[in-house]
Structures are given as structure tokens and as C-alpha cells.
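S.K.: Can you keep this structure in mind? I'll have questions shortly.
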Amino acid sequence: MDHVILGLETSCDETAVAVVADGSRVLGEAVASSASLQARYGGVVPEVAAREHVAALPALVDAALADAGLSGRDVDAVAVTVGPGLLGSLLVGMAAAKALAVAWRRPLVAVNHLEAHLAANALVGPLVLPALALLVSGGHTGLWLWRADGEWERLGQTRDDAAGEALDKGARLLGLGYPGGPAVEALARTVDGPGGRRLPVARLSGSELDFSFSGLKTALAQGLAQQPEEPARWAWALEEAVVQALVERVAAAHARYPVDRLYVAGGVAANRRLRERLAEWADGAGVTVVVPPPRWCTDNGAMVAAAAALRWNRTGRLPAAPLSVAPDTLLELGRPAGPA
């Protein structure tokens with residue numbers, strides 16, 4: 001058994017640990033979420049999230065190793081999210097990873113959270129590149145050309161809110177609480193066919209591949225003020241507007257870069273309507289769409305270990321980081337794309 005990596009993820013409000021072999025086989029994993037606690041405040045409170053990570057991590061590391069039937073001495077490296085994310089949350093995860101690396105005398109691998117999300121697709125099957133890559137979550141929305149392993153070109157990103165953030169804000173207006181994405185999806189699913197309500201899809205001048213979702217909250221608030229009845233129809237409209245924007249940008253990117261594969265990741269990738277619409281587009285475009293199972297769309301430790309393993313396999317050596325490595329809350333992925 002090669003490349004056994006322990007992955008720790010604490011970039012936001014979920015504490016996750018996993019043991020992954022060869023970058024593709026999940027031997028054990030454990031997750032704890034503070035979502036129910038955060039729901040009292042209507043969203044993530046950074047200090048609360050950090051404290052919950054401190055409380056949960058030791059037991060989760062033990063649980064993931066036990067699930068894998070391994071001990072710390074069987075691990076070849078400890079990988080941890082270095083950013084982007086909440087500073088306090090990242091500090092907790094990195095402190096724990098450094099302590100384990102020192103205690104077990106194993107290398108430490110610092111992983112980009114965005115790269116990790118997309119690397120979750122390696123847990124589904126071998127990556128086929130070049131490909132388009134769409135990341136949609138509560139904190140991030142972006143579109144990349146994944147030219148080769150480790151070679152990213154950023155095609156578009158959100159100018160304001162992320163897709164998941166727009167769903168969360170809309171959910172609050174609809175009285176659905178936090179987390180909003182799954183609640184909006186569930187309510188929208190109660191509508192049979194088109195919901196009879198429409199919200200605008202922003203189309204930005206100067207960059208057809210960038211996203212903008214900040215106007216959805218205002219449009220939804222205005223619509224609800226005028227027609228407060230039947231909130232399910234407004235939930236349908238909100239979900240449809242977010243999904244439409246994502247599918248339009250993917251189609252535009254594919255017209256510019258006609259590759260035959262699309263990798264999708266992030267918490268919003270678990271949305272069934274998004275999966276349906278992407279499948280419809282892909283069928284006509286001759287593209288294969290790959291989306292991880294829902295448990296690997298949301299923040300998880302397996303994706304962190306998978307990203308570390310991809311780098312290990314690419315370079316032929318372990319990409320060890322110094323123990324002095326610090327979190328980077330604004331870390332990006334790839335360079336802006338040039339002309340197609």
C-alpha cells in the first residue's frame with residue numbers, strides 16, 4: 001500500500017479527517033459539523049467555528065485511523081488545508097497537523113483548499129485532462145481550464161457573492177435558516193414544473209466567464225415584498241437563477257475551450273438541479289461530466305489527502321512544507337487565462 005496520507009480540513013465550519021491510500025482509496029474518514037450550532041446565528045461565526053474544531057479534531061483523527069485499521073506510524077504524510085478560509089479555523093487545523101507530523105516524524109503537506117475540492121474527483125476515477133473545472137460552494141465560485149496535473153488557468157470567478165452564499169442569503173429571506181442551500185433545494189422540489197416566478201441572471205460586460213450573484217438577494221426581497229405568497233415558487237426561482245448562471249458560463253467556456261470533460265466540485269455541486277442541467281447540456285455538447293458523491297462535495301478530509309497525493313505522484317517526491325508554514329486566507333488557484 002503506497003502513499004497513505006492523513007488529510008485534515010478545517011477551513012470553515014466542518015471539521016474533517018480522512019485516511020487515503022494512493023490518492024484514490026479512502027480507507028477511513030470522520031466528519032463533525034457545527035452547522036446546527038451556527039444556525040442559531042444565521043451563518044458561520046468564525047470564533048465559534050474555531051472552538052468547535054479544537055473540540056472535535058482529536059477524536060476525529062482517532063476515529064478516521066480506527067476506521068482505516070491503521071495507526072499514526074502507518075501514515076506516510078500529514079496533509080492539511082492552508083487556505084483560503086477562515087483564519088481561526090485554518091490555524092486550528094494547521095496546528096493539529098504540525099503536531100501530528102512532529103509526533104509521528106512524518107512530513108507535512110500544505111494544501112490549497114480550492115485545489116483540494118477539485119482533486120476530490122480523483123477519488124471517483126483517474127483524471128482525464130485537459131478538462132474544464134467548475135467549483136461552486138458557499139465561499140467560492142470559479143471556473144478553470146485544467147490543462148494538466150498541476151496546471152490551472154483561471155477562466156472566471158465571482159465578482160461578489162459565491163453561488164452557495166447567494167442560496168444562503170436567499171434562504172434567510174425565505175425564512176429557511178442555515179445552511180440555506182439544501183433547504184432551498186428541498187422547498188424548490190415541491191414545485192411541479194416551472195415555478196411561475198423568475199429572478200434575473202447577471203450577465204457581465206467585459207467577461208462572459210465571470211459570475212455575479214449579489215443582485216439575487218435584492219431581486220428576491222423585492223419579489224417577496226410584492227408577492228409574499230407561495231415561497232416555494234420563489235425558492236424555485238432562486239435555485240433556477242443560480243443554476244442558469246453556472247450552466248451558461250460552463251457552456252461559454254466550452255465554446256472557447258472545446259475539451260471533452262468537465263469536473264465539478266464544492267458543496268453546491270451536490271444540488272440535484274445543477275447536476276440535471278449540467279447533464280442536459282453535456283449530452284448535447286458531447287462532454288462527460290464528473291461530480292463526486294455528495295459527501296466529497298462538501299468540505300472533507302479525503303479531498304485534502306487526494307490533492308497531496310496528486311502532487312506526490314506528479315513530482316515523484318513528497319511536497320513537504322516547513323513547520324513554519326502559515327495559513328493564507330486569500331490563497332488563489334492558477335493564473336488568469338490568456339487568449340484561447
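Letters A, B, ... go to the chains of the C-alpha cells in the order shown; residues in each chain start at 1; ligands are counted from 1 in the same order.
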Could you give me, as number ranges by chain, the residues within 9 Å of segment 16-28 of chain A, counting only C-alpha atoms and dropping anything in the same chain fewer than 6 positions from it?

M.R.: A: 1-10, 57, 60-61, 63-70, 75, 120, 122-126, 299-310, 313

S.K.: Taking only segment 6-108 of chain A into account, list the residues labelled alpha helix (DSSP H) by DSSP (computed from the backbone), as a VMD selection string.

M.R.: chain A and resid 35 to 38 46 to 68 87 to 104

S.K.: Since we have the selection now, will you write its residues out, keeping C-alpha atoms, as a JSON list (two decimals), in the first residue's frame?

M.R.:
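Output saved as out.json:
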[["chain", "number", "residue", "atom", "x", "y", "z"],
["A", 35, "ALA", "CA", -23.84, 23.78, 11.26],
["A", 36, "SER", "CA", -26.58, 23.21, 13.82],
["A", 37, "LEU", "CA", -24.75, 25.47, 16.27],
["A", 38, "GLN", "CA", -24.07, 28.10, 13.60],
["A", 46, "PRO", "CA", -15.57, 32.36, 12.89],
["A", 47, "GLU", "CA", -14.73, 32.16, 16.61],
["A", 48, "VAL", "CA", -17.41, 29.54, 17.21],
["A", 49, "ALA", "CA", -16.14, 27.50, 14.26],
["A", 50, "ALA", "CA", -12.55, 27.61, 15.55],
["A", 51, "ARG", "CA", -13.58, 26.46, 19.03],
["A", 52, "GLU", "CA", -15.57, 23.58, 17.57],
["A", 53, "HIS", "CA", -12.54, 22.49, 15.54],
["A", 54, "VAL", "CA", -10.43, 22.43, 18.70],
["A", 55, "ALA", "CA", -13.01, 20.27, 20.46],
["A", 56, "ALA", "CA", -13.60, 17.86, 17.59],
["A", 57, "LEU", "CA", -10.21, 17.21, 15.98],
["A", 58, "PRO", "CA", -8.55, 14.77, 18.42],
["A", 59, "ALA", "CA", -11.47, 12.36, 18.40],
["A", 60, "LEU", "CA", -11.89, 12.62, 14.64],
["A", 61, "VAL", "CA", -8.24, 11.75, 14.00],
["A", 62, "ASP", "CA", -8.62, 8.69, 16.22],
["A", 63, "ALA", "CA", -11.89, 7.74, 14.50],
["A", 64, "ALA", "CA", -10.52, 8.04, 10.96],
["A", 65, "LEU", "CA", -7.45, 5.96, 11.82],
["A", 66, "ALA", "CA", -9.60, 3.36, 13.57],
["A", 67, "ASP", "CA", -11.92, 3.24, 10.55],
["A", 68, "ALA", "CA", -8.88, 2.56, 8.36],
["A", 87, "LEU", "CA", -8.09, 32.41, 9.75],
["A", 88, "GLY", "CA", -9.00, 30.94, 13.14],
["A", 89, "SER", "CA", -10.27, 27.71, 11.61],
["A", 90, "LEU", "CA", -7.17, 27.31, 9.44],
["A", 91, "LEU", "CA", -4.88, 27.93, 12.41],
["A", 92, "VAL", "CA", -6.52, 25.14, 14.41],
["A", 93, "GLY", "CA", -6.19, 22.59, 11.62],
["A", 94, "MET", "CA", -2.61, 23.56, 10.82],
["A", 95, "ALA", "CA", -1.55, 23.45, 14.47],
["A", 96, "ALA", "CA", -3.00, 19.96, 14.80],
["A", 97, "ALA", "CA", -1.36, 18.77, 11.57],
["A", 98, "LYS", "CA", 2.03, 20.15, 12.62],
["A", 99, "ALA", "CA", 1.75, 18.44, 16.00],
["A", 100, "LEU", "CA", 0.91, 15.10, 14.39],
["A", 101, "ALA", "CA", 3.72, 15.48, 11.85],
["A", 102, "VAL", "CA", 6.23, 16.11, 14.64],
["A", 103, "ALA", "CA", 4.87, 13.37, 16.91],
["A", 104, "TRP", "CA", 4.84, 10.76, 14.13]]

S.K.: One decimal, in Å: what's the spacing between atom CA of Gly142 of chain A and atom CA of Ala116 of chain A?

M.R.: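 Rounded to one decimal, the two atoms are 13.7 Å apart.
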
S.K.: For a quick check of understanding, using only C-alpha atoms, which of A:Trp152, A:Trp144, A:Tyr263, A:Trp234 has the smallest distance to Leu209 of chain A?

M.R.: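 Checking each of A:Trp152, A:Trp144, A:Tyr263, A:Trp234 against Leu209 of chain A, counting only C-alpha atoms, the winner is A:Trp144.
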
S.K.: Can you list every residue of segment 32-93 of chain A that has an atom at most 12 Å from segment 159-174 of chain A, with its nearest atom pair and the distance in Å to one decimal, using only C-alpha atoms, ordered by chain then number, as JSON lines?

M.R.:
{"residue": "A:Ala39", "atom": "CA", "partner": "A:Arg172", "partner_atom": "CA", "distance": 10.7}
{"residue": "A:Tyr41", "atom": "CA", "partner": "A:Arg172", "partner_atom": "CA", "distance": 11.1}
{"residue": "A:Gly42", "atom": "CA", "partner": "A:Arg172", "partner_atom": "CA", "distance": 7.6}
{"residue": "A:Gly43", "atom": "CA", "partner": "A:Asp168", "partner_atom": "CA", "distance": 8.3}
{"residue": "A:Val44", "atom": "CA", "partner": "A:Asp168", "partner_atom": "CA", "distance": 10.9}

S.K.: Go through A:Thr190, A:Leu262, A:Pro322, A:Thr15 one by one, measure the shortest atom-to-atom distance of each to Trp146 of chain A using only C-alpha atoms, and give the residue with the smallest value.

M.R.: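 Ranking A:Thr190, A:Leu262, A:Pro322, A:Thr15 by distance to Trp146 of chain A, first place goes to A:Leu262.
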
S.K.: What residues in segment 7-211 of chain A get the DSSP label strand (DSSP E)? Please answer as a PyMOL selection string.

M.R.: chain A and resi 7-9+14-21+25-33+77-83+108-112+131-136+141-148+151-157

S.K.: May I have the residues from that selection written out with C-alpha atoms, as a compact mmCIF listing (two decimals), in the first residue's frame?

M.R.:
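Saved to result-v7.txt:
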# COMPACT_ATOMS: atom_id res chain seq x y z
CA GLY A 7 -5.88 14.68 5.42
CA LEU A 8 -7.22 17.41 7.74
CA GLU A 9 -9.75 20.02 6.61
CA GLU A 14 -16.77 21.49 9.20
CA THR A 15 -14.03 19.50 10.90
CA ALA A 16 -12.97 16.60 8.68
CA VAL A 17 -10.28 13.94 8.74
CA ALA A 18 -9.60 11.12 6.30
CA VAL A 19 -7.01 8.46 5.53
CA VAL A 20 -6.42 7.95 1.81
CA ALA A 21 -4.18 5.42 0.05
CA ARG A 25 -8.85 4.90 -1.99
CA VAL A 26 -10.50 6.28 1.13
CA LEU A 27 -9.62 3.90 3.96
CA GLY A 28 -11.27 5.83 6.76
CA GLU A 29 -12.91 9.19 7.38
CA ALA A 30 -14.70 11.15 10.07
CA VAL A 31 -16.55 14.47 9.93
CA ALA A 32 -18.11 16.78 12.52
CA SER A 33 -20.13 19.82 11.54
CA ALA A 77 2.40 12.15 5.46
CA VAL A 78 0.00 14.59 7.11
CA ALA A 79 -1.80 16.94 4.71
CA VAL A 80 -3.75 19.99 5.84
CA THR A 81 -5.66 22.87 4.27
CA VAL A 82 -3.52 26.03 4.33
CA GLY A 83 -6.12 28.33 2.73
CA LEU A 108 3.70 17.98 6.50
CA VAL A 109 1.92 18.87 3.23
CA ALA A 110 0.16 22.24 2.88
CA VAL A 111 -2.83 22.04 0.51
CA ASN A 112 -4.81 24.71 -1.35
CA ALA A 131 -10.72 19.48 -18.81
CA LEU A 132 -12.90 22.30 -17.56
CA ALA A 133 -13.30 22.56 -13.79
CA LEU A 134 -16.20 24.24 -12.00
CA LEU A 135 -16.01 24.90 -8.26
CA VAL A 136 -19.23 26.04 -6.58
CA THR A 141 -17.31 30.07 -7.28
CA GLY A 142 -14.84 29.76 -10.13
CA LEU A 143 -14.18 28.18 -13.49
CA TRP A 144 -10.80 26.86 -14.65
CA LEU A 145 -9.17 25.20 -17.60
CA TRP A 146 -7.36 22.24 -16.05
CA ARG A 147 -4.69 21.83 -18.73
CA ALA A 148 -2.64 19.14 -16.99
CA GLU A 151 -1.52 23.37 -14.48
CA TRP A 152 -4.54 25.63 -13.95
CA GLU A 153 -5.79 28.64 -15.88
CA ARG A 154 -8.48 30.68 -14.19
CA LEU A 155 -11.23 31.47 -16.72
CA GLY A 156 -13.78 33.13 -14.49
CA GLN A 157 -14.70 33.80 -10.90

S.K.: For atom CA of Val250 of chain A and atom CA of Trp296 of chain A, quote the distance in Å rounded to one decimal.

M.R.: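 Computing the Euclidean distance for atom CA of Val250 of chain A and atom CA of Trp296 of chain A yields 21.3 Å.
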
S.K.: Between A:Ala255, A:Arg189, A:Thr298, A:Ser11, which is the closest to His113 of chain A once you count only C-alpha atoms?

M.R.: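 Going through A:Ala255, A:Arg189, A:Thr298, A:Ser11 one by one, the smallest distance to His113 of chain A is for A:Ser11.
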